[in-house]
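A.B. asks: Before I ask anything, let me first share the structure, which is written out below as structure tokens.
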Amino acid sequence: MTTASPTGRPQLLHDDGSPVRVLVVVDEPALTELLCLALRYEGWHVRSAAAGAAAGAAAEFRPDAVVLDVALAGADAQELPVRLRRERPGLPVLFLTPKDPGGERFAGLTAGGDDRVAKPFGMEEVVARLRGLLRRSPSPAPRGRAVLVVGDLVLDEDSREVFRGGREIRLTATEFELLRFLMRNPRRVLSKPQILDRVWSYEFGGRANVVELYISYLRRKIEADAPPMIHTRRGAGYLIKPAEPAEPVVTTPAVRPAAGPVKKAMYSV
């Protein structure tokens, strides 16, 4: 199930209402921070831990999955999955590996049905592989669908379907990602650089006016015969919010002359 937190961000929940938890075990502070931010953005409850404290964190935090960097110092990377699974049997582990993980050490680490992502990687790939691990995991998986709702606009992240007022809206892959980014940040102004980074990534070599172009595509599809939801803040960016309710039209009744004899005007020349 997906619900909204007090900040308006989606949260993944189990059937009993408890959050879906992910433990990040990476020794690079910058990478740890980036992973935690990305996973929280996607709706998971996230905690990070150093290799030496990971087993204790697993016992306390009770994660549903672990992101583990196999480049950890010493033998921690080899022994840690075993220690983690003593605390949480069947715990799925997503391994972060070098680009070409060779040798028995890495082969042994990534065996057993878990998944791995080779460095350098994109956050979307990490999220997708974690979702796959959770779906295949014998531990309780999140129920329901990941659905974002803003006003009468509904976006299903799993089926990639979009509806407004019950009417299905067909979007291209890029239009869908742009709308999802807007709907994950309702009533928040998003700048063009933020949108380019999230939807097109830093590697995109095009011009910033591609954002304006795709915003216009979305408006045509979402706001056709419906009140506007996507708004421009000049010099700042774009935001999405529920459409304003239409103001009632007030009509003033025509004033009729009082009944009575009609007097003719007399003119003299």
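Ordering of the structure tokens sets the chain letters (A, B, ...), residue numbers begin anew at 1 in every chain, and ligands are numbered from 1 in the order given.
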Quick one: residues within 9 Å of A:Glu244, only C-alpha atoms counted, chain neighbours fewer than 4 positions away excluded, as a PDB file with N, CA and C atoms, in the first residue's frame?
C.D. replies:
ATOM      1  N   PRO A 227     -10.412  22.000 -15.884  1.00  0.00           N
ATOM      2  CA  PRO A 227      -9.692  23.135 -15.285  1.00  0.00           C
ATOM      3  C   PRO A 227      -8.195  22.865 -15.201  1.00  0.00           C
ATOM      4  N   PRO A 228      -7.367  23.903 -15.282  1.00  0.00           N
ATOM      5  CA  PRO A 228      -5.904  23.724 -15.256  1.00  0.00           C
ATOM      6  C   PRO A 228      -5.398  23.224 -13.912  1.00  0.00           C
ATOM      7  N   MET A 229      -4.337  22.398 -13.973  1.00  0.00           N
ATOM      8  CA  MET A 229      -3.686  21.892 -12.768  1.00  0.00           C
ATOM      9  C   MET A 229      -2.194  22.213 -12.748  1.00  0.00           C
TER      10      MET A 229
END
A.B. asks: Give the answer as one residue: which of A:Arg170, A:Ala49, A:Val211, A:Lys99 has the shortest atom-to-atom distance to A:Pro193, using only C-alpha atoms?
C.D. replies: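 The answer is A:Val211, which sits nearest to A:Pro193.
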A.B. asks: Counting only C-alpha atoms, what is within 9 Å of stretch 130-133 of chain A, bar same-chain residues fewer than 5 positions away, as a list in words?
C.D. replies: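 Contacts, with the query itself left out: Ala65, Val66, Val67, Pro92, Val93, Leu94, Asp114, Asp115 and Glu125 of chain A.
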A.B. asks: Residues as selected, all heavy atoms, written as a JSON list (two decimals), in the first residue's frame, can you do that?
C.D. replies:
[["chain", "number", "residue", "atom", "x", "y", "z"],
["A", 65, "ALA", "N", 14.76, -5.36, 3.30],
["A", 65, "ALA", "CA", 15.81, -5.57, 2.31],
["A", 65, "ALA", "C", 17.03, -4.78, 2.73],
["A", 65, "ALA", "O", 16.93, -3.85, 3.54],
["A", 65, "ALA", "CB", 15.35, -5.13, 0.92],
["A", 66, "VAL", "N", 18.18, -5.16, 2.17],
["A", 66, "VAL", "CA", 19.44, -4.50, 2.48],
["A", 66, "VAL", "C", 20.14, -4.14, 1.18],
["A", 66, "VAL", "O", 20.15, -4.93, 0.24],
["A", 66, "VAL", "CB", 20.37, -5.40, 3.33],
["A", 66, "VAL", "CG1", 21.73, -4.76, 3.52],
["A", 66, "VAL", "CG2", 19.73, -5.70, 4.67],
["A", 67, "VAL", "N", 20.71, -2.93, 1.14],
["A", 67, "VAL", "CA", 21.60, -2.54, 0.05],
["A", 67, "VAL", "C", 23.01, -2.60, 0.62],
["A", 67, "VAL", "O", 23.33, -1.89, 1.57],
["A", 67, "VAL", "CB", 21.29, -1.12, -0.46],
["A", 67, "VAL", "CG1", 22.27, -0.73, -1.56],
["A", 67, "VAL", "CG2", 19.86, -1.04, -0.98],
["A", 92, "PRO", "N", 16.39, -10.39, 1.75],
["A", 92, "PRO", "CA", 16.98, -10.13, 0.43],
["A", 92, "PRO", "C", 18.04, -9.04, 0.50],
["A", 92, "PRO", "O", 17.88, -8.05, 1.21],
["A", 92, "PRO", "CB", 15.79, -9.68, -0.42],
["A", 92, "PRO", "CG", 14.79, -9.16, 0.54],
["A", 92, "PRO", "CD", 14.99, -9.91, 1.82],
["A", 93, "VAL", "N", 19.13, -9.25, -0.26],
["A", 93, "VAL", "CA", 20.25, -8.31, -0.26],
["A", 93, "VAL", "C", 20.51, -7.89, -1.70],
["A", 93, "VAL", "O", 20.67, -8.73, -2.59],
["A", 93, "VAL", "CB", 21.51, -8.94, 0.34],
["A", 93, "VAL", "CG1", 22.68, -7.95, 0.27],
["A", 93, "VAL", "CG2", 21.26, -9.37, 1.79],
["A", 94, "LEU", "N", 20.56, -6.57, -1.91],
["A", 94, "LEU", "CA", 20.96, -6.02, -3.20],
["A", 94, "LEU", "C", 22.42, -5.61, -3.08],
["A", 94, "LEU", "O", 22.76, -4.72, -2.30],
["A", 94, "LEU", "CB", 20.09, -4.82, -3.58],
["A", 94, "LEU", "CG", 20.47, -4.11, -4.89],
["A", 94, "LEU", "CD1", 20.27, -5.04, -6.08],
["A", 94, "LEU", "CD2", 19.64, -2.84, -5.06],
["A", 114, "ASP", "N", 19.92, -13.55, -4.79],
["A", 114, "ASP", "CA", 19.80, -12.11, -4.62],
["A", 114, "ASP", "C", 20.23, -11.41, -5.91],
["A", 114, "ASP", "O", 20.57, -12.05, -6.89],
["A", 114, "ASP", "CB", 20.65, -11.63, -3.44],
["A", 114, "ASP", "CG", 20.04, -12.09, -2.11],
["A", 114, "ASP", "OD1", 18.81, -12.18, -2.04],
["A", 114, "ASP", "OD2", 20.80, -12.37, -1.17],
["A", 115, "ASP", "N", 20.20, -10.08, -5.89],
["A", 115, "ASP", "CA", 20.48, -9.32, -7.10],
["A", 115, "ASP", "C", 21.67, -8.40, -6.85],
["A", 115, "ASP", "O", 22.07, -8.17, -5.71],
["A", 115, "ASP", "CB", 19.25, -8.50, -7.50],
["A", 115, "ASP", "CG", 19.21, -8.20, -8.98],
["A", 115, "ASP", "OD1", 20.22, -8.44, -9.67],
["A", 115, "ASP", "OD2", 18.17, -7.71, -9.45],
["A", 125, "GLU", "N", 17.72, 2.32, -11.41],
["A", 125, "GLU", "CA", 18.01, 0.90, -11.46],
["A", 125, "GLU", "C", 18.01, 0.28, -10.07],
["A", 125, "GLU", "O", 17.50, -0.82, -9.86],
["A", 125, "GLU", "CB", 19.37, 0.66, -12.14],
["A", 125, "GLU", "CG", 19.71, -0.81, -12.31],
["A", 125, "GLU", "CD", 21.06, -1.06, -12.96],
["A", 125, "GLU", "OE1", 21.79, -0.07, -13.19],
["A", 125, "GLU", "OE2", 21.36, -2.23, -13.22]]
A.B. asks: Which residues, written as a list in words, have at least one atom at most 9 Å from A:Ser191, with only C-alpha atoms counted and residues fewer than 6 positions away on the same chain left out?
C.D. replies: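 The filter keeps Gly235, Ala236, Gly237 and Tyr238 of chain A.
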A.B. asks: Would you export the selected residues with C-alpha atoms as a JSON list (two decimals), in the first residue's frame, please?
C.D. replies:
[["chain", "number", "residue", "atom", "x", "y", "z"],
["A", 235, "GLY", "CA", 11.40, 32.83, -13.38],
["A", 236, "ALA", "CA", 10.95, 29.96, -10.88],
["A", 237, "GLY", "CA", 9.47, 26.86, -12.52],
["A", 238, "TYR", "CA", 6.32, 24.75, -12.55]]
A.B. asks: Would you return as a PyMOL selection string the members of stretch 25-179 of chain A that DSSP assigns to strand (DSSP E) on this structure's backbone?
C.D. replies: chain A and resi 25+45-48+65-69+93-97+115-118+147-150+153-156+161-164+167-169
A.B. asks: From the options A:Ala54, A:Ile222, A:Ile169, A:Leu96, which residue's atoms come nearest to A:Pro81, counting only C-alpha atoms?
C.D. replies: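 Distance minimum relative to A:Pro81 lands on A:Ala54.
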A.B. asks: Give me the residues near A:Asp156 as a count of residues only, where near means some atom within 10 Å (using only C-alpha atoms) and where sequence neighbours in that chain fewer than 4 positions away do not count.
C.D. replies: 10
A.B. asks: Identify which of the residues A:Phe61, A:Arg167, A:Val46, A:Arg219 lies closest to A:Leu84, counting only C-alpha atoms when measuring atom-to-atom distances.
C.D. replies: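 Nearest to A:Leu84: A:Phe61.
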A.B. asks: Ranking A:Ala59, A:Leu196, A:Met183, A:Ile230 by minimum distance to A:Val150 and counting only C-alpha atoms, which one comes first?
C.D. replies: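 Smallest distance to A:Val150 is found for A:Met183.
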A.B. asks: If I take atom CA of A:Leu80 and atom CA of A:Ala128, how far is one from the other in Å, to one decimal?
C.D. replies: 23.3 Å
